[in-house]
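Following: one structure in structure tokens, then a few remarks.
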Amino acid sequence: MVGGLNMDLRIRVPRLPSPGETVPGGRLDRGTGGKGANQAAAARRLGARTAMVGVMGDDEFGAQVSATLAEAGVDLAGVATVGGPTGTALILVDPAGENMIITSPGANGLLRPEDLGALSGRLDSAGVLLLQLEVPIETSTAAARLARAAGVSVVLNAAPLPTTVDDSLRELIGLADLLVVNETEAAGLIGDVAERLEGSDPLEYASALRHLGPAEVVVTLGARGAVLAGSDGRSRHLPTFPIEVVDAVGAGDTFCAELAVARATGVRELDAAVRRACAAGALATTRPGAQSAPSRFEVDALLAAPERPAPVSGGGAGRTGHAP
């Protein structure tokens, strides 16, 4: 894992505010976050040996992040500490589990390509390299090149998506074996193509994204599950699991973690890997917090349940049936 480490500051609110509006909220909760840290902790809970490469600040937040990940069993030998603040996320969560998130990169922005020595030493035994966009793109690109040279599969969760999709981001996407995005990120990546596809089936978005270079693409649809476009050229939809939503924060990271774990542990069929990811993401919404991933046993149990899950109509998190 090469990615961001944050401290999450979360407040539950009766509803998400409109621009310029003040909404009274509940208690301020703190917890370890950052897409890289979330996915690393989730992958470890899902049964994979996980090593993290990143940067955090020398503040109280950094100490808490380090302690939490160490307790989760994540290898932190590749995490450096620098002077200054640790990355921070401000999160609002409404009663339906929907959320609004603002991030401040802090130390995450200081991870440079020359800091990837710890990654090189771990690729020989790695099954998958999982990346996001919370550290500089040139650093993630350098990591992807190292992985490709070592014969290690690259899974890229292209989030949070920058406001401008430039050649450096396109290069990174082209190095990914598997690209994971939500609907908004998918539209941002394909730009004018998204305008031409507006109102069409999301399957077309997944197919269009494959033209950016990845052999496989997954587009998550919230309560509607996910669509995928595989190397066989076919696109298809997988429904979500009907489940009661408590907090959708971290569900997407759990989805990505299980997708990477499935691939690292030999689940080669994309449909099967995405099905496991949908189950893990759905279970993550049943408990609060960004690092609320289920265990491998819980995922297996949900997949083995006798009643097959049915598609859930509508968008967003909703109160039931949520995949990231």
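Residue numbering restarts at 1 for every chain of the structure tokens, chains are lettered A, B, ... in their displayed order, and ligands are numbered from 1 as they appear.
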
All residues 9 Å or closer to segment 178-194 of chain A, only C-alpha atoms, same chain fewer than 3 positions away omitted, as an mmCIF file with C-alpha atoms, in the first residue's frame:
```
data_model
loop_
_atom_site.group_PDB
_atom_site.id
_atom_site.type_symbol
_atom_site.label_atom_id
_atom_site.label_comp_id
_atom_site.auth_asym_id
_atom_site.auth_seq_id
_atom_site.Cartn_x
_atom_site.Cartn_y
_atom_site.Cartn_z
ATOM 1 C CA SER A 153 -0.438 -6.310 -10.271
ATOM 2 C CA VAL A 154 -1.415 -2.644 -9.755
ATOM 3 C CA VAL A 155 -4.872 -1.730 -8.444
ATOM 4 C CA LEU A 156 -5.609 2.008 -8.601
ATOM 5 C CA ASN A 157 -8.472 3.635 -6.735
ATOM 6 C CA ALA A 158 -8.480 6.992 -8.569
ATOM 7 C CA ALA A 159 -9.746 9.011 -5.608
ATOM 8 C CA PRO A 160 -9.927 11.710 -4.551
ATOM 9 C CA LEU A 161 -9.972 12.858 -8.164
ATOM 10 C CA PRO A 162 -8.111 16.141 -8.803
ATOM 11 C CA THR A 163 -9.987 19.020 -10.396
ATOM 12 C CA THR A 164 -7.840 18.712 -13.534
ATOM 13 C CA VAL A 165 -7.246 15.418 -15.335
ATOM 14 C CA ARG A 170 -3.532 9.588 -17.477
ATOM 15 C CA ILE A 173 -4.102 5.223 -14.984
ATOM 16 C CA LEU A 197 -22.879 9.249 -22.625
ATOM 17 C CA GLU A 198 -25.070 11.325 -20.304
ATOM 18 C CA PRO A 202 -23.339 3.063 -16.461
ATOM 19 C CA TYR A 205 -18.833 4.393 -18.556
ATOM 20 C CA ALA A 206 -16.895 1.306 -17.520
ATOM 21 C CA ALA A 208 -15.093 3.929 -21.962
ATOM 22 C CA LEU A 209 -12.643 3.919 -19.049
ATOM 23 C CA ARG A 210 -10.918 0.809 -20.398
ATOM 24 C CA LEU A 212 -7.537 4.855 -20.861
ATOM 25 C CA PRO A 214 -6.434 -0.486 -17.606
ATOM 26 C CA ALA A 215 -7.248 -4.062 -18.582
ATOM 27 C CA GLU A 216 -10.140 -4.062 -16.094
ATOM 28 C CA VAL A 217 -12.392 -1.330 -14.689
ATOM 29 C CA VAL A 218 -14.889 -1.276 -11.818
ATOM 30 C CA VAL A 219 -17.329 1.617 -11.342
ATOM 31 C CA THR A 220 -19.123 1.596 -7.974
ATOM 32 C CA LEU A 221 -22.764 2.725 -7.893
ATOM 33 C CA GLY A 222 -23.623 3.070 -4.219
ATOM 34 C CA ALA A 226 -21.132 -1.955 -9.249
ATOM 35 C CA GLY A 252 -15.448 2.484 -0.572
ATOM 36 C CA CYS A 256 -11.106 -1.532 -2.736
ATOM 37 C CA PRO A 324 -19.368 1.988 -2.030
#
```

Residues of segment 96-179 of chain A that approach segment 15-35 of chain A to 8 Å or less, counting only C-alpha atoms: could you list each one with the shortest pair of atoms and its distance in Å to one decimal, rows by chain and increasing residue number, as JSON lines?
```
{"residue": "A:Asn99", "atom": "CA", "partner": "A:Leu16", "partner_atom": "CA", "distance": 7.4}
{"residue": "A:Met100", "atom": "CA", "partner": "A:Leu16", "partner_atom": "CA", "distance": 7.3}
{"residue": "A:Gln132", "atom": "CA", "partner": "A:Lys35", "partner_atom": "CA", "distance": 7.0}
{"residue": "A:Glu134", "atom": "CA", "partner": "A:Lys35", "partner_atom": "CA", "distance": 7.3}
```

key: DSSP alpha helix (DSSP H) residues within segment 95-185 of chain A, listed as a list in words   = Gly117, Ala118, Leu119, Ser120, Ile137, Glu138, Thr139, Ser140, Thr141, Ala142, Ala143, Ala144, Arg145, Leu146, Ala147, Arg148, Ala149, Asp167, Ser168, Leu169, Arg170, Glu171, Leu172, Ile173, Gly174, Leu175, Glu183, Thr184 and Glu185 of chain A

task = If you run DSSP over the backbone, which residues in segment 25-193 of chain A end up strand (DSSP E or B)? Put them as a PyMOL selection string.
result = chain A and resi 28-33+51-57+75-82+87-93+99-104+128-131+153-157+178-182

Restricting the output to C-alpha atoms, write the selected residues as an mmCIF file, in the first residue's frame.
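Saved file out_30.cif follows:
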```cif
data_model
loop_
_atom_site.group_PDB
_atom_site.id
_atom_site.type_symbol
_atom_site.label_atom_id
_atom_site.label_comp_id
_atom_site.auth_asym_id
_atom_site.auth_seq_id
_atom_site.Cartn_x
_atom_site.Cartn_y
_atom_site.Cartn_z
ATOM 1 C CA LEU A 28 -16.801 15.353 17.686
ATOM 2 C CA ASP A 29 -15.211 11.919 17.172
ATOM 3 C CA ARG A 30 -11.597 11.304 16.173
ATOM 4 C CA GLY A 31 -10.320 8.236 14.364
ATOM 5 C CA THR A 32 -7.587 7.054 12.040
ATOM 6 C CA GLY A 33 -8.360 7.636 8.363
ATOM 7 C CA ALA A 51 2.678 -3.169 4.401
ATOM 8 C CA MET A 52 2.096 0.597 4.305
ATOM 9 C CA VAL A 53 4.332 3.201 2.644
ATOM 10 C CA GLY A 54 3.522 6.831 3.430
ATOM 11 C CA VAL A 55 4.296 9.923 5.513
ATOM 12 C CA MET A 56 2.740 11.404 8.641
ATOM 13 C CA GLY A 57 3.461 14.435 10.788
ATOM 14 C CA ASP A 75 3.572 -3.253 8.759
ATOM 15 C CA LEU A 76 4.615 0.400 9.231
ATOM 16 C CA ALA A 77 8.339 0.093 8.512
ATOM 17 C CA GLY A 78 7.796 2.071 5.305
ATOM 18 C CA VAL A 79 6.006 4.980 7.018
ATOM 19 C CA ALA A 80 8.173 8.051 7.692
ATOM 20 C CA THR A 81 7.546 10.867 10.173
ATOM 21 C CA VAL A 82 8.263 14.476 9.202
ATOM 22 C CA GLY A 87 -3.196 14.767 6.997
ATOM 23 C CA THR A 88 -6.665 15.558 8.312
ATOM 24 C CA ALA A 89 -10.217 14.899 7.116
ATOM 25 C CA LEU A 90 -13.333 16.743 8.290
ATOM 26 C CA ILE A 91 -16.397 14.483 7.934
ATOM 27 C CA LEU A 92 -20.124 15.131 8.333
ATOM 28 C CA VAL A 93 -22.467 12.112 8.493
ATOM 29 C CA ASN A 99 -21.445 11.966 4.188
ATOM 30 C CA MET A 100 -19.523 15.065 3.148
ATOM 31 C CA ILE A 101 -15.726 15.031 3.463
ATOM 32 C CA ILE A 102 -13.036 17.732 3.217
ATOM 33 C CA THR A 103 -9.376 16.717 3.402
ATOM 34 C CA SER A 104 -6.191 18.632 4.196
ATOM 35 C CA VAL A 128 -0.838 -6.591 -5.317
ATOM 36 C CA LEU A 129 0.142 -2.926 -5.056
ATOM 37 C CA LEU A 130 -2.859 -0.790 -4.081
ATOM 38 C CA LEU A 131 -2.737 2.953 -4.831
ATOM 39 C CA SER A 153 -0.438 -6.310 -10.271
ATOM 40 C CA VAL A 154 -1.415 -2.644 -9.755
ATOM 41 C CA VAL A 155 -4.872 -1.730 -8.444
ATOM 42 C CA LEU A 156 -5.609 2.008 -8.601
ATOM 43 C CA ASN A 157 -8.472 3.635 -6.735
ATOM 44 C CA LEU A 178 -7.396 -2.645 -12.453
ATOM 45 C CA LEU A 179 -9.013 0.800 -12.059
ATOM 46 C CA VAL A 180 -11.686 1.454 -9.404
ATOM 47 C CA VAL A 181 -13.779 4.654 -9.391
ATOM 48 C CA ASN A 182 -17.254 5.797 -8.416
#
```

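Among the candidates A:Val267, A:Ala223, A:Ala142, A:Met7, the one nearest to Leu111 of chain A when counting only C-alpha atoms is A:Ala142.
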
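Atom CA of Leu238 of chain A sits 20.1 Å away from atom CA of Gly250 of chain A.
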
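Considering the residues A:Arg10, A:His237, A:Arg296, A:Arg224 and counting only C-alpha atoms, Gly47 of chain A has its shortest atom-to-atom contact with A:Arg296.
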
request  = In Å, rounded to a single decimal, give me how far atom CA of Leu203 of chain A is from atom CA of Pro306 of chain A.
outcome  = 28.1 Å

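Reported to one decimal place, the separation of atom CA of Ser125 of chain A from atom CA of Phe297 of chain A is 24.3 Å.
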